[in-house]
Structure formats: structure tokens, C-alpha cells
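Trainee: Please find start_26.txt (compact mmCIF, C-alpha atoms) on the next line:
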# COMPACT_ATOMS: atom_id res chain seq x y z
CA MET Y 1 116.20 109.19 97.01
CA PRO Y 2 114.59 106.88 99.62
CA ARG Y 3 113.35 108.40 102.86
CA LYS Y 4 112.86 107.38 106.46
CA PRO Y 5 109.38 106.00 107.24
CA THR Y 6 107.47 108.65 109.15
CA GLY Y 7 105.01 106.44 110.97
CA ARG Y 8 101.81 104.45 110.67
CA HIS Y 9 98.36 105.93 111.16
CA PRO Y 10 94.91 104.43 110.60
CA LEU Y 11 92.86 106.62 108.29
CA MET Y 12 89.22 107.52 108.76
CA LYS Y 13 86.76 109.18 106.43
CA PRO Y 14 88.43 112.40 105.27
CA GLN Y 15 87.15 115.60 106.85
CA PRO Y 16 88.88 118.99 106.63
CA PHE Y 17 88.35 120.94 109.83
CA SER Y 18 89.32 123.92 111.93
CA PHE Y 19 89.65 124.08 115.71
CA SER Y 20 86.19 125.40 116.58
CA PRO Y 21 83.15 123.07 116.36
CA PHE Y 22 81.31 125.52 114.12
CA GLY Y 23 84.29 125.95 111.85
CA ARG Y 24 84.77 122.22 111.56
CA SER Y 25 81.16 121.60 110.62
CA VAL Y 26 81.18 124.33 107.98
CA ALA Y 27 84.50 123.18 106.54
CA ARG Y 28 83.13 119.65 106.26
CA VAL Y 29 80.10 120.88 104.36
CA ALA Y 30 82.20 123.08 102.08
CA SER Y 31 84.56 120.22 101.28
CA ALA Y 32 81.77 117.76 100.63
CA TYR Y 33 80.08 120.29 98.36
CA LYS Y 34 83.21 120.76 96.29
CA LEU Y 35 84.54 117.21 96.07
CA LYS Y 36 81.79 114.89 97.30
CA GLY Y 37 82.89 111.30 97.13
CA GLN Y 38 86.06 112.08 95.20
CA MET Y 39 88.86 111.49 97.70
CA PRO Y 40 88.39 108.48 99.98
CA GLY Y 41 91.25 106.92 101.85
CA SER Y 42 92.30 103.98 103.98
CA LYS Y 43 96.09 103.68 104.26
CA PHE Y 44 99.37 105.20 103.15
CA HIS Y 45 103.01 104.43 102.48
CA SER Y 46 105.87 106.80 103.23
CA LYS Y 47 109.44 107.37 102.09
CA ASN Y 48 112.71 106.26 103.69
CA SER Y 49 115.69 108.23 104.97
CA PRO Y 50 118.81 108.52 102.77
CA ASN Y 51 120.53 105.78 104.76
CA THR Y 52 117.68 103.31 104.92
CA PRO Y 53 117.53 100.49 102.36
CA GLY Y 54 114.33 99.39 100.68
CA ASN Y 55 111.47 101.24 99.13
CA GLY Y 56 110.13 102.62 102.39
CA PHE Y 57 106.56 101.48 101.94
CA VAL Y 58 104.65 101.10 105.20
CA ASN Y 59 101.69 98.77 104.87
CA HIS Y 60 98.79 99.70 107.10
CA ALA Y 61 95.30 99.00 105.84
CA LEU Y 62 91.97 99.99 107.30
CA GLU Y 63 88.96 98.29 105.76
CA ASP Y 64 85.95 100.55 105.35
CA GLY Y 65 82.58 98.88 105.12
CA SER Y 66 80.64 101.62 103.39
CA GLU Y 67 77.81 100.39 101.19
CA LYS Y 68 76.98 101.70 97.76
CA SER Y 69 73.46 102.94 97.09
CA GLU Y 70 71.46 101.57 94.16
CA SER Y 71 71.62 104.93 92.38
CA SER Y 72 75.31 105.57 93.06
CA GLU Y 73 76.42 104.43 89.63
CA GLU Y 74 74.34 107.17 88.05
CA GLU Y 75 74.81 109.89 90.67
CA GLY Y 76 78.40 109.18 91.68
CA PHE Y 77 79.69 107.12 94.60
CA GLU Y 78 79.49 109.08 97.88
CA GLY Y 79 80.79 106.49 100.32
CA VAL Y 80 84.28 105.59 101.54
CA ILE Y 81 86.40 103.17 99.55
CA GLN Y 82 89.83 101.72 100.25
CA ALA Y 83 92.84 103.58 98.85
CA ASP Y 84 96.56 103.13 99.45
CA PHE Y 85 98.35 106.48 99.61
CA SER Y 86 102.08 106.78 99.03
CA PHE Y 87 104.61 109.61 99.23
CA PHE Y 88 106.86 110.09 96.19
CA ASP Y 89 109.65 112.38 95.09
CA PRO Y 90 108.36 114.85 92.50
CA LYS Y 91 109.30 114.20 88.87
CA PRO Y 92 108.59 115.90 85.52
CA ASP Y 93 105.84 113.41 84.69
CA ASP Y 94 103.82 114.86 87.60
CA PHE Y 95 103.31 118.15 85.75
CA HIS Y 96 99.69 117.56 84.75
CA GLY Y 97 98.82 116.37 88.25
CA VAL Y 98 100.42 119.28 90.11
CA LYS Y 99 99.31 122.11 87.83
CA PRO Y 100 95.55 121.81 88.55
CA LEU Y 101 96.26 121.84 92.31
CA LEU Y 102 98.04 125.19 91.95
CA GLY Y 103 95.70 126.71 89.37
CA ALA Y 104 94.34 129.35 91.76
CA TYR Y 105 97.56 129.90 93.74
CA LEU Y 106 97.64 133.58 92.70
CA ASP Y 107 93.88 134.00 92.40
CA ASP Y 108 92.92 134.72 88.77
CA LYS Y 109 96.25 136.28 87.82
CA GLN Y 110 97.72 135.28 84.47
CA TRP Y 111 101.28 134.28 85.31
CA ASP Y 112 103.96 131.69 84.66
CA LEU Y 113 102.17 128.85 86.45
CA SER Y 114 103.77 126.25 84.19
CA GLY Y 115 107.21 127.56 85.09
CA PHE Y 116 106.29 127.41 88.78
CA VAL Y 117 105.22 123.77 88.46
CA ASP Y 118 108.41 122.95 86.54
CA LEU Y 119 110.47 124.59 89.29
CA ILE Y 120 108.72 122.58 92.01
CA LEU Y 121 109.20 119.32 90.12
CA SER Y 122 112.88 120.03 89.39
CA GLN Y 123 113.72 120.23 93.10
CA ILE Y 124 113.69 116.58 94.13
CA THR Y 125 115.88 117.02 97.23
CA VAL Y 126 113.00 118.65 99.11
CA GLY Y 127 109.43 118.00 98.07
CA THR Y 128 106.74 115.31 98.12
CA VAL Y 129 103.72 114.36 96.05
CA VAL Y 130 100.96 112.05 97.24
CA LYS Y 131 99.49 109.44 94.92
CA ILE Y 132 97.63 106.16 95.06
CA GLU Y 133 100.03 103.25 95.50
CA ASN Y 134 100.41 101.00 92.43
CA ASN Y 135 98.35 103.52 90.47
CA GLU Y 136 100.75 106.42 90.10
CA ASP Y 137 99.36 107.55 86.77
CA ASP Y 138 95.78 107.84 87.99
CA GLY Y 139 95.83 111.17 89.78
CA LEU Y 140 97.91 113.21 92.20
CA TYR Y 141 96.33 114.36 95.43
CA SER Y 142 98.84 116.60 97.18
CA VAL Y 143 102.10 118.45 96.70
CA VAL Y 144 104.31 120.05 99.34
CA THR Y 145 107.71 121.72 98.99
CA ALA Y 146 109.84 124.66 100.14
CA LEU Y 147 111.56 126.93 97.60
CA ASN Y 148 114.32 129.37 98.51
CA LEU Y 149 113.22 132.82 97.32
CA GLY Y 150 116.81 133.97 96.91
CA ARG Y 151 118.05 130.90 95.07
CA TYR Y 152 115.24 131.13 92.51
CA LYS Y 153 114.90 134.93 92.44
CA ASP Y 154 115.62 135.17 88.69
CA HIS Y 155 112.86 132.74 87.70
CA LYS Y 156 109.92 134.51 86.12
CA CYS Y 157 107.38 132.70 88.28
CA ILE Y 158 109.11 133.72 91.53
CA MET Y 159 109.36 137.33 90.40
CA GLU Y 160 105.64 137.30 89.59
CA ILE Y 161 104.77 135.80 92.99
CA LYS Y 162 106.72 138.58 94.71
CA GLU Y 163 105.06 141.26 92.60
CA PHE Y 164 101.61 139.82 93.27
CA LEU Y 165 102.09 139.68 97.05
CA LEU Y 166 103.49 143.21 97.22
CA LYS Y 167 100.51 144.46 95.22
CA VAL Y 168 97.76 142.79 97.26
CA CYS Y 169 99.23 143.70 100.67
CA GLN Y 170 97.33 146.79 101.85
CA GLU Y 171 98.74 146.99 105.39
CA LYS Y 172 101.60 149.49 105.50
CA GLU Y 173 103.51 147.98 108.42
CA VAL Y 174 103.17 144.45 107.10
CA LEU Y 175 104.16 145.61 103.62
CA GLU Y 176 107.58 146.66 104.91
CA ASN Y 177 108.09 143.23 106.45
CA LEU Y 178 106.95 141.54 103.26
CA ARG Y 179 109.26 143.65 101.09
CA SER Y 180 112.18 142.78 103.35
CA PHE Y 181 111.30 139.09 103.09
CA VAL Y 182 111.16 138.96 99.31
CA VAL Y 183 114.12 141.28 98.67
CA GLU Y 184 116.74 141.78 101.41
CA GLN Y 185 116.14 138.50 103.27
CA ALA Y 186 115.13 136.38 100.29
CA HIS Y 187 118.02 133.91 100.70
CA ASP Y 188 116.77 133.11 104.21
CA VAL Y 189 113.13 132.60 103.22
CA GLY Y 190 111.51 129.36 102.13
CA LEU Y 191 108.28 129.68 100.16
CA LEU Y 192 106.28 126.85 101.70
CA VAL Y 193 103.99 125.52 98.96
CA THR Y 194 101.36 123.05 100.10
CA GLN Y 195 98.28 122.22 98.07
CA ARG Y 196 95.96 119.24 97.94
CA VAL Y 197 92.47 118.10 97.14
CA ALA Y 198 90.08 119.41 99.78
CA ASN Y 199 89.21 116.13 101.44
CA LEU Y 200 92.57 114.38 101.60
CA PRO Y 201 92.55 112.31 104.84
CA PRO Y 202 93.86 114.57 107.63
CA GLN Y 203 95.89 111.70 109.10
CA LEU Y 204 98.30 112.16 106.21
CA LEU Y 205 99.20 115.69 107.30
CA PRO Y 206 101.66 114.97 110.17
CA PRO Y 207 103.80 112.50 108.16
CA LEU Y 208 103.57 114.75 105.10
CA TYR Y 209 104.93 117.77 106.97
CA ASP Y 210 107.41 115.58 108.84
CA ALA Y 211 108.75 114.41 105.49
CA LEU Y 212 109.09 118.00 104.27
CA PHE Y 213 110.90 119.39 107.30
CA ASP Y 214 113.08 116.28 107.64
CA GLU Y 215 114.14 116.67 104.01
CA VAL Y 216 114.99 120.32 104.61
CA SER Y 217 117.20 119.27 107.51
CA TRP Y 218 118.87 116.49 105.52
CA ALA Y 219 119.51 118.84 102.61
CA THR Y 220 121.57 121.15 104.84
CA GLU Y 221 123.96 118.22 105.34
CA ASP Y 222 123.69 116.11 102.19
CA GLU Y 223 123.64 118.57 99.29
CA PRO Y 224 126.92 118.38 97.28
CA THR Y 225 127.94 122.05 97.57
CA GLU Y 226 128.01 124.58 100.38
CA GLU Y 227 125.86 126.93 98.32
CA LEU Y 228 123.13 124.32 97.95
CA ARG Y 229 123.35 123.30 101.60
CA ASN Y 230 122.98 126.94 102.64
CA SER Y 231 119.94 127.37 100.38
CA PHE Y 232 118.00 125.06 102.69
CA ARG Y 233 119.06 126.74 105.94
CA PHE Y 234 115.84 128.67 106.14
CA LYS Y 235 115.33 131.25 108.87
CA PHE Y 236 111.74 131.96 107.84
CA TYR Y 237 108.87 130.39 105.93
CA LEU Y 238 106.35 132.28 103.81
CA LEU Y 239 102.95 130.73 103.06
CA VAL Y 240 100.15 131.71 100.70
CA SER Y 241 96.79 130.12 101.51
CA ARG Y 242 93.03 130.74 101.66
CA ILE Y 243 90.48 131.05 104.44
CA TYR Y 244 86.81 131.87 104.84
CA LYS Y 245 86.39 135.22 106.58
CA ASN Y 246 83.15 136.40 108.14
CA LYS Y 247 81.74 139.29 106.14
CA ASN Y 248 80.96 141.14 109.39
CA ALA Y 249 84.31 140.43 111.03
CA ASN Y 250 85.62 143.97 110.58
CA GLN Y 251 82.48 145.66 111.88
CA GLU Y 252 82.23 146.92 115.43
CA ARG Y 253 79.31 144.69 116.28
CA ARG Y 254 79.88 140.97 116.40
CA PRO Y 255 78.46 138.54 113.83
CA ASN Y 256 74.73 137.90 114.15
CA SER Y 257 75.09 134.36 115.49
CA SER Y 258 77.10 133.66 118.60
CA SER Y 259 78.35 130.49 116.88
CA ASP Y 260 79.80 132.38 113.89
CA GLU Y 261 83.57 132.38 113.78
CA ALA Y 262 85.58 135.32 112.39
CA ILE Y 263 87.73 132.88 110.38
CA ILE Y 264 87.22 129.36 109.09
CA TYR Y 265 90.44 127.59 108.13
CA ILE Y 266 90.06 125.39 105.09
CA LYS Y 267 93.29 123.59 105.96
CA PRO Y 268 93.55 122.62 109.64
CA GLU Y 269 97.29 123.32 109.73
CA ASP Y 270 96.73 126.91 108.62
CA GLU Y 271 95.31 127.86 112.01
CA ILE Y 272 98.52 126.60 113.61
CA PHE Y 273 100.67 128.47 111.10
CA HIS Y 274 98.57 131.58 111.70
CA LYS Y 275 98.94 131.42 115.47
CA LEU Y 276 102.71 130.87 115.18
CA SER Y 277 103.23 133.53 112.51
CA SER Y 278 105.28 136.64 113.23
CA TRP Y 279 103.07 138.63 110.84
CA SER Y 280 100.30 137.97 108.36
CA PHE Y 281 97.75 139.69 106.16
CA SER Y 282 94.63 138.78 104.22
CA PHE Y 283 93.54 140.08 100.84
CA PRO Y 284 90.36 139.87 98.74
CA LEU Y 285 90.07 137.27 96.01
CA ARG Y 286 88.44 137.88 92.65
CA THR Y 287 87.59 134.21 92.25
CA GLN Y 288 84.83 132.96 94.56
CA GLN Y 289 83.29 129.53 94.99
CA VAL Y 290 79.55 128.91 95.06
CA ALA Y 291 78.63 129.34 98.72
CA THR Y 292 76.71 126.73 100.69
CA HIS Y 293 74.04 127.80 103.17
CA GLU Y 294 76.50 127.36 106.03
CA LEU Y 295 78.95 129.74 104.34
CA LYS Y 296 76.46 132.43 103.33
CA ASN Y 297 78.00 134.89 105.83
CA TYR Y 298 81.56 134.18 104.71
CA ARG Y 299 83.82 135.27 101.90
CA LEU Y 300 86.84 133.42 100.55
CA VAL Y 301 90.00 135.52 100.99
CA GLY Y 302 93.72 135.01 100.55
CA LEU Y 303 95.99 134.67 103.57
CA VAL Y 304 99.75 135.26 103.65
CA MET Y 305 101.71 134.19 106.73
CA ALA Y 306 105.35 134.43 107.83
CA MET Y 307 106.71 131.99 110.41
CA ASP Y 308 110.15 131.78 111.98
CA ALA Y 309 111.86 128.49 111.14
CA ASN Y 310 112.66 127.91 114.80
CA LYS Y 311 108.94 127.30 115.37
CA VAL Y 312 108.82 124.28 113.06
CA SER Y 313 109.17 121.79 115.92
CA THR Y 314 106.28 123.46 117.75
CA PHE Y 315 104.19 123.34 114.59
CA ARG Y 316 104.86 119.63 114.14
CA GLN Y 317 103.86 118.88 117.72
CA LEU Y 318 100.68 120.95 117.53
CA LEU Y 319 99.69 119.38 114.23
CA LYS Y 320 100.06 115.86 115.62
CA SER Y 321 98.00 116.84 118.66
CA LEU Y 322 95.29 118.36 116.53
CA ILE Y 323 94.97 115.32 114.28
CA ASN Y 324 95.06 112.91 117.24
CA GLU Y 325 92.19 114.82 118.86
CA GLU Y 326 90.03 113.96 115.87
Now that the file is in, can you turn its structure into C-alpha cells?
Mentor:
Amino acid sequence: MPRKPTGRHPLMKPQPFSFSPFGRSVARVASAYKLKGQMPGSKFHSKNSPNTPGNGFVNHALEDGSEKSESSEEEGFEGVIQADFSFFDPKPDDFHGVKPLLGAYLDDKQWDLSGFVDLILSQITVGTVVKIENNEDDGLYSVVTALNLGRYKDHKCIMEIKEFLLKVCQEKEVLENLRSFVVEQAHDVGLLVTQRVANLPPQLLPPLYDALFDEVSWATEDEPTEELRNSFRFKFYLLVSRIYKNKNANQERRPNSSSDEAIIYIKPEDEIFHKLSSWSFSFPLRTQQVATHELKNYRLVGLVMAMDANKVSTFRQLLKSLINEE
């Protein structure tokens, strides 16, 4: 289904960041350490609305004049090259591109990840994947969707996600809210799944989230049955993500350095979600990445957030402002 173009933005060298200067610098280093030179970018294409003819591609190129070092062929190219990003509806052929992005979604738990990927790819009304234009088979760089917890409650993967979250939540008051979300209020809750390579250009984020929330709105009007239309009338969104948390954050004395932040957000939008959330909790992760010097005082932890759907417009505005500041 074609979508409405969501805008045109010049893209710069990709840099994940958080709001604070220290957090941004550390996030840049962490991203470069993990995926150095892997995800350059220069332009993107977006999808059209249901009533707009054409393929919806928006041409907007930015030439990057990075030079390649003499040893780059042996060591790997670390500069910026030109890439044309496009938004696509998910399809079954995307399975092997989406699955690696979600490999650590539930930490190191053995669960029905393949079923989860299949579920995401089967819902084409709401959902987007990001690829390189005219090179769709050569990698997938992001996936975003929203799944109704009530509609899919009988799927093994959704049951396992609920069980996992209820198990890792150690805060009694929050646990009651979480249990209500995944049981009594499940039909009103959208599991917001958003995963990407670490250094996807941040300028893609506003149109990517615009596409998601626009599709949710369209689905409440365009789906063929009342039951399906209602399944996209979310009252809440539930997100599972990751952050870097200062190892001394829970101690009475402050971190050793005045520049140390309590939290570093790997995804810039997560700080906005966190600030707008009605409740949240973090939990330890068994899987840890090799720490850089800048992250020696931090530990990777899971973060679960709940946000009222009526705050989506505020989120979209704040995200655009954040990206424009960069």
C-alpha cells in the first residue's frame, strides 16, 4: 500500500546521541566501536498515503566528499559514502534481515524469535522497514511496528514476551501496572517495536516515526472490519529498549565525575519516550557488550516504558526538535 511522503531531510554523518553533551559523545564512541564504517547515509525515500498515486519516492541527495585512506581496503572503509534509504512495507522475504536486528530483544532468552519476526512481517497495514533504494536484497537497516497485545495474545512469541517482562520487573508497584497492561488492558496496548543498526542516520527518525503513527491512524479508518479497526485504536504503547546506566547511579554519593550522566540513551528517541512515560522500569541484562574506555563506569541494562497514546503528537514534535538541533 503506497504512503504519503513524510518530508525531505538532508542527511549528515550518522551519530546516535542523547540530550547531554557527555551522553552524546559516549554514545558516538560506543556506536563507532560496534559498527565503525558500516552504516553511512546520504538520502532517503518515503512511502505515500493510501490516496496518493505513484511510488512515493522522494529524491533528495547529499553528496559526501569523504576520502578513502590507502589502507582502507584492508582495514575496512571508515568514511561516509552515499546511500539512498527507502521505506518499505514489510514482507516475508525480509525475515533474514529483521531477525538479526531483534536477536537480543529479550536478552539471552531462548524464545520464539522466528515467530515474532513472522508476526511483524505479516502485519503490512502498520509497519516499515528501511533498506537501500534499488538494492533491497543487500541488507535491512531498521524495522518499526506496533502490535496489539490483545489481538495477538495467543501467539507463542507474545505470551513469551509477557512472561519475560513480568519476570524481570522487580518493582512491586510497577509490576501491578505491567500486569494490567499485558492482561486486562491488552487490547488497548500497542507493543511498539523499533530496532535498527546503531548508526542509522538520525534524520531518518522523524519520518520513520511519522510513518508509523500515521499508519496507525489510517488503520483505524481503512481496515475492512470493525474488529481490525479497533485493534489499532491504541490507548497506550509499551516499549522494550536498552540504555547504559551508571554503575554508581543507585548509590547515595554521586558518580565520581561531575560530567557522568546517570543514564545514556543509545537511541535518542528513548529519552523522549522515557520523559513522557507514565511508568517505567529497568532490569539487568545477562548479555553485555565489550565496554569502551568512555563506558567503563556504565552497564548495559534493559528499559521498559509505558506511554499514553495521547502523547504521540508531543513525542513527534519533540523528536523533530531534537533532530533539528543537531
Trainee: Between Y:Phe164, Y:Phe315, Y:Phe281, Y:Phe116, which one has atoms that come closest to Leu147 (chain Y), using only C-alpha atoms?
Mentor: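 That would be Y:Phe116, the residue with the smallest distance to Leu147 (chain Y).
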Trainee: Mind checking which residues fall within 9 Å of Leu102 (chain Y), counting all atoms listed in the file, ignoring those fewer than 2 positions away in the same chain, and posting them as a list in words?
Mentor: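 Returned residues: Val98, Lys99, Pro100, Ala104, Tyr105, Leu106, Leu113, Val117, Gln195 and Arg196 of chain Y.
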Trainee: Atoms to include: C-alpha atoms. Write the selected residues as an mmCIF file, in the frame of the given file.
Mentor:
data_model
loop_
_atom_site.group_PDB
_atom_site.id
_atom_site.type_symbol
_atom_site.label_atom_id
_atom_site.label_comp_id
_atom_site.auth_asym_id
_atom_site.auth_seq_id
_atom_site.Cartn_x
_atom_site.Cartn_y
_atom_site.Cartn_z
ATOM 1 C CA VAL Y 98 100.420 119.280 90.110
ATOM 2 C CA LYS Y 99 99.310 122.110 87.830
ATOM 3 C CA PRO Y 100 95.550 121.810 88.550
ATOM 4 C CA ALA Y 104 94.340 129.350 91.760
ATOM 5 C CA TYR Y 105 97.560 129.900 93.740
ATOM 6 C CA LEU Y 106 97.640 133.580 92.700
ATOM 7 C CA LEU Y 113 102.170 128.850 86.450
ATOM 8 C CA VAL Y 117 105.220 123.770 88.460
ATOM 9 C CA GLN Y 195 98.280 122.220 98.070
ATOM 10 C CA ARG Y 196 95.960 119.240 97.940
#
Trainee: Which distance in Å separates CA of Asp270 (chain Y) and CA of Met305 (chain Y), to one decimal?
Mentor: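 So the answer is 9.0 Å.
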Trainee: Within 6 Å of (116.7, 126.4, 110.7) (coordinates as in the file), grab all the protein and nucleic acid residues, counting all atoms listed in the file, and write them out as a ChimeraX atom specification.
Mentor: /Y:233-235,309-310
Trainee: Do you have the CA of Glu271 (chain Y)-CA of Ile243 (chain Y) distance handy?
Mentor: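 Going from CA of Glu271 (chain Y) over to CA of Ile243 (chain Y), I get 9.5 Å.
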Trainee: Under the rule that only C-alpha atoms are counted, which of Y:Leu101, Y:Val183, Y:Val216, Y:Val174 is the nearest residue to Met159 (chain Y)?
Mentor: Y:Val183
Trainee: Any idea what the distance is between CA of Tyr237 (chain Y) and CA of Val126 (chain Y)?
Mentor: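 Between CA of Tyr237 (chain Y) and CA of Val126 (chain Y) the gap works out to 14.2 Å.
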Trainee: Compare Y:Thr125, Y:Asn148, Y:Ser142, Y:Ser86 by their minimum atom-to-atom distance to Glu215 (chain Y), counting all atoms listed in the file, and give me the closest one.
Mentor: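 Residue with the minimum atom-to-atom distance to Glu215 (chain Y): Y:Thr125.
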Trainee: So which one's closest to Asn177 (chain Y), Y:Leu228, Y:Leu238, Y:Val301, Y:Ala249? Using only C-alpha atoms, please.
Mentor: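 Result for the nearest residue to Asn177 (chain Y): Y:Leu238.
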Trainee: Do a neighbour search on Ile132 (chain Y) at 7 Å with all atoms listed in the file, toss out local chain neighbours closer than 5 positions, and write the hits as a list in words.
Mentor: Ala83, Asp84, Phe85 and Ser86 of chain Y
Trainee: Generate the output file for the selected residues, C-alpha atoms, as a JSON list (two decimals), in the coordinates of the input.
Mentor:
[["chain", "number", "residue", "atom", "x", "y", "z"],
["Y", 83, "ALA", "CA", 92.84, 103.58, 98.85],
["Y", 84, "ASP", "CA", 96.56, 103.13, 99.45],
["Y", 85, "PHE", "CA", 98.35, 106.48, 99.61],
["Y", 86, "SER", "CA", 102.08, 106.78, 99.03]]
Trainee: Which is closer to Thr145 (chain Y) than all the others in Y:Val197, Y:Ile161, Y:Leu208, Y:Leu175, using only C-alpha atoms?
Mentor: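 Looking only at the distances to Thr145 (chain Y), the closest residue turns out to be Y:Leu208.
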